[in-house]
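A short worksheet on the structure shown next.
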Amino acid sequence: MITHLEGKLVEKNPTDVVIDCNGVGYFINISLHTFSQIPDKEHVKLFTYLQVREDSHSLYGFSSKTEREIFKLLISVSGIGANTARTMLSSLTPEQVKEGIAGEDVALIQSVKGIGAKTAQRVIIDLKDKVLKVCGLDELSLMPNNTNKDEALSALEVLGFNKRQSEKVIERIIKNQPDAQVEQIIKEALKNL
């Protein structure tokens with residue numbers, strides 16, 4: 001299996017990239033999360049997963065090993081194919097997927113286009129124990145009722161900032177300063193947005 005590719009970034013689109021590795025161009029399917037993590041530099045490295053099917057060989061690329069592991073777990077669930085898993089990792093960050101599964105948040109998983117209630121429940125039932133083993137629950141910050149986070153996010157949305165981008169920045173701030181007040185979170189987020 002091809003575990004990673006490192007080379008010159010030839011083409012970058014929201015759903016795929018082309019990487020030139022010593023004269024061979026590899027077409028790699030990516031999620032929006034990975035797209036946002038890829039720098040606009042010439043040299044790039046992606047962790048990959050090669051899906052071999054009867055009618056095609058498809059290469060999927062990820063900005064981190066964690067995202068690749070979550071993708072592999074998701075496609076192991078009956079009813080979740082590679083495209084649905086990629087859509088899930090485009091709609092939610094790998095951390096949100098981990099926390100949603102570990103915290104049994106059916107509504108969060110179901111919020112992804114193409115996933116119904118039964119599939120969301122199946123994902124949680126099939127993967128909860130695996131996510132806890134693979135990702136380690138201690139590194140998960142299960143804060144479903146963090147009102148400071150919600151208030152700060154709401155304030156940034158009112159100010160016109162992108163929700164997904166604001167959420168990433170706020171999560172980073174809360175991770176570094178767990179007992180930060182709403183005002184501190186907003187001020188810190190404004191510096192980073």
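Letters A, B, ... go to the chains of the structure tokens in the order shown; residues in each chain start at 1; ligands are counted from 1 in the same order.
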Please return as a PyMOL selection string: the residues of chain A that backbone DSSP assigns to alpha helix (DSSP H). chain A and resi 32-37+65-75+82-91+94-102+106-110+117-131+147-158+163-176+182-192
Which parts of segment 29-190 of chain A does DSSP call strand (DSSP E) when run on the backbone here, written out as a PyMOL selection string? chain A and resi 29-30+43-52+57-62
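Residues surrounding Leu127 of chain A within 8 Å are Leu73, Leu74, Val77, Ile101, Val123 and Val131 of chain A [only C-alpha atoms; sequence separation below 4 positions excluded].
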Would you save the residues from that selection as a short mmCIF file (atom, residue, chain, number, x, y, z; two decimals), in the first residue's frame, using C-alpha atoms?
```cif
data_model
loop_
_atom_site.label_atom_id
_atom_site.label_comp_id
_atom_site.auth_asym_id
_atom_site.auth_seq_id
_atom_site.Cartn_x
_atom_site.Cartn_y
_atom_site.Cartn_z
CA LEU A 73 -12.63 3.44 10.42
CA LEU A 74 -15.52 5.17 8.66
CA VAL A 77 -18.90 0.68 8.57
CA ILE A 101 -18.60 9.23 17.87
CA VAL A 123 -21.41 4.58 12.84
CA VAL A 131 -12.24 5.44 18.17
#
```
Segment 71-115 of chain A near segment 28-48 of chain A within 7 Å: what's each residue's closest atom pair and its distance in Å to one decimal, counting only C-alpha atoms, ordered by chain then ascending residue number, as a tab-separated table?
```
residue	atom	partner	partner_atom	distance
A:Arg86	CA	A:Ser31	CA	5.4
A:Thr87	CA	A:Ser31	CA	6.9
A:Leu89	CA	A:Ser31	CA	5.9
A:Ser90	CA	A:Leu32	CA	4.5
A:Thr93	CA	A:His33	CA	6.4
```
Go ahead and write the selection's residues with N, CA and C atoms as a PDB file, in the first residue's frame.
```
ATOM      1  N   ARG A  86     -15.402  10.752   2.924  1.00  0.00           N
ATOM      2  CA  ARG A  86     -14.729  11.998   2.521  1.00  0.00           C
ATOM      3  C   ARG A  86     -15.651  13.194   2.744  1.00  0.00           C
ATOM      4  N   THR A  87     -16.948  13.028   2.454  1.00  0.00           N
ATOM      5  CA  THR A  87     -17.920  14.090   2.703  1.00  0.00           C
ATOM      6  C   THR A  87     -17.992  14.404   4.191  1.00  0.00           C
ATOM      7  N   LEU A  89     -15.613  13.995   6.406  1.00  0.00           N
ATOM      8  CA  LEU A  89     -14.387  14.701   6.800  1.00  0.00           C
ATOM      9  C   LEU A  89     -14.285  16.075   6.149  1.00  0.00           C
ATOM     10  N   SER A  90     -15.158  16.358   5.187  1.00  0.00           N
ATOM     11  CA  SER A  90     -15.225  17.698   4.603  1.00  0.00           C
ATOM     12  C   SER A  90     -16.181  18.576   5.404  1.00  0.00           C
ATOM     13  N   THR A  93     -14.473  18.446  11.140  1.00  0.00           N
ATOM     14  CA  THR A  93     -13.032  18.209  11.302  1.00  0.00           C
ATOM     15  C   THR A  93     -12.848  16.802  11.868  1.00  0.00           C
TER      16      THR A  93
END
```
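Rounded to one decimal, atom CA of Gly79 of chain A and atom CA of Asp16 of chain A lie 23.2 Å from each other.
Every protein or nucleic acid residue with an atom no more than 10 Å from Arg164 of chain A, counting only C-alpha atoms and leaving out same-chain residues fewer than 5 positions away, appears here: Ser91, Leu92, Thr93, Leu153, Glu157, Val169 and Ile170 of chain A.
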Export of prior selection with N, CA and C atoms as a compact mmCIF listing (two decimals), in the first residue's frame:
```
# COMPACT_ATOMS: atom_id res chain seq x y z
N SER A 91 -17.24 17.97 5.93
CA SER A 91 -18.24 18.72 6.70
C SER A 91 -17.79 18.97 8.14
N LEU A 92 -17.07 18.00 8.69
CA LEU A 92 -16.62 18.07 10.08
C LEU A 92 -15.11 17.89 10.13
N THR A 93 -14.47 18.45 11.14
CA THR A 93 -13.03 18.21 11.30
C THR A 93 -12.85 16.80 11.87
N LEU A 153 -18.36 31.70 19.75
CA LEU A 153 -18.64 31.34 18.37
C LEU A 153 -19.79 32.17 17.83
N GLU A 157 -19.72 34.91 14.75
CA GLU A 157 -20.63 34.79 13.60
C GLU A 157 -21.37 36.10 13.36
N VAL A 169 -10.39 27.99 15.35
CA VAL A 169 -9.57 28.91 16.13
C VAL A 169 -9.98 28.85 17.60
N ILE A 170 -11.29 28.86 17.88
CA ILE A 170 -11.78 28.82 19.25
C ILE A 170 -11.38 27.51 19.93
```
Work out how far atom CA of Tyr26 of chain A is from atom CA of Ser76 of chain A, in Å to one decimal. 24.7 Å
Shell of 9 Å around Pro94 of chain A, only C-alpha atoms, local chain residues under 3 positions omitted, as number ranges by chain: A: 33, 66-67, 70-71, 88-89, 97-99
Using only N, CA and C atoms, please write the residues we just selected to a file, as a compact mmCIF listing (two decimals), in the first residue's frame.
```txt
# COMPACT_ATOMS: atom_id res chain seq x y z
N HIS A 33 -11.18 19.45 4.58
CA HIS A 33 -10.30 19.68 5.73
C HIS A 33 -8.84 19.61 5.28
N THR A 66 -4.03 10.96 11.77
CA THR A 66 -5.30 10.83 12.50
C THR A 66 -6.48 10.86 11.54
N GLU A 67 -6.45 11.81 10.60
CA GLU A 67 -7.55 11.90 9.63
C GLU A 67 -7.63 10.63 8.79
N ILE A 70 -9.24 7.85 10.86
CA ILE A 70 -10.69 8.04 10.98
C ILE A 70 -11.37 7.65 9.67
N PHE A 71 -10.78 8.02 8.54
CA PHE A 71 -11.31 7.64 7.23
C PHE A 71 -11.40 6.12 7.13
N MET A 88 -17.96 13.34 5.01
CA MET A 88 -18.01 13.54 6.47
C MET A 88 -16.79 14.33 6.93
N LEU A 89 -15.61 13.99 6.41
CA LEU A 89 -14.39 14.70 6.80
C LEU A 89 -14.28 16.08 6.15
N VAL A 97 -15.45 14.62 14.34
CA VAL A 97 -15.92 13.26 14.06
C VAL A 97 -15.60 12.36 15.26
N LYS A 98 -14.36 12.45 15.76
CA LYS A 98 -13.95 11.64 16.92
C LYS A 98 -14.85 11.94 18.12
N GLU A 99 -15.02 13.22 18.42
CA GLU A 99 -15.81 13.60 19.58
C GLU A 99 -17.28 13.24 19.40
```
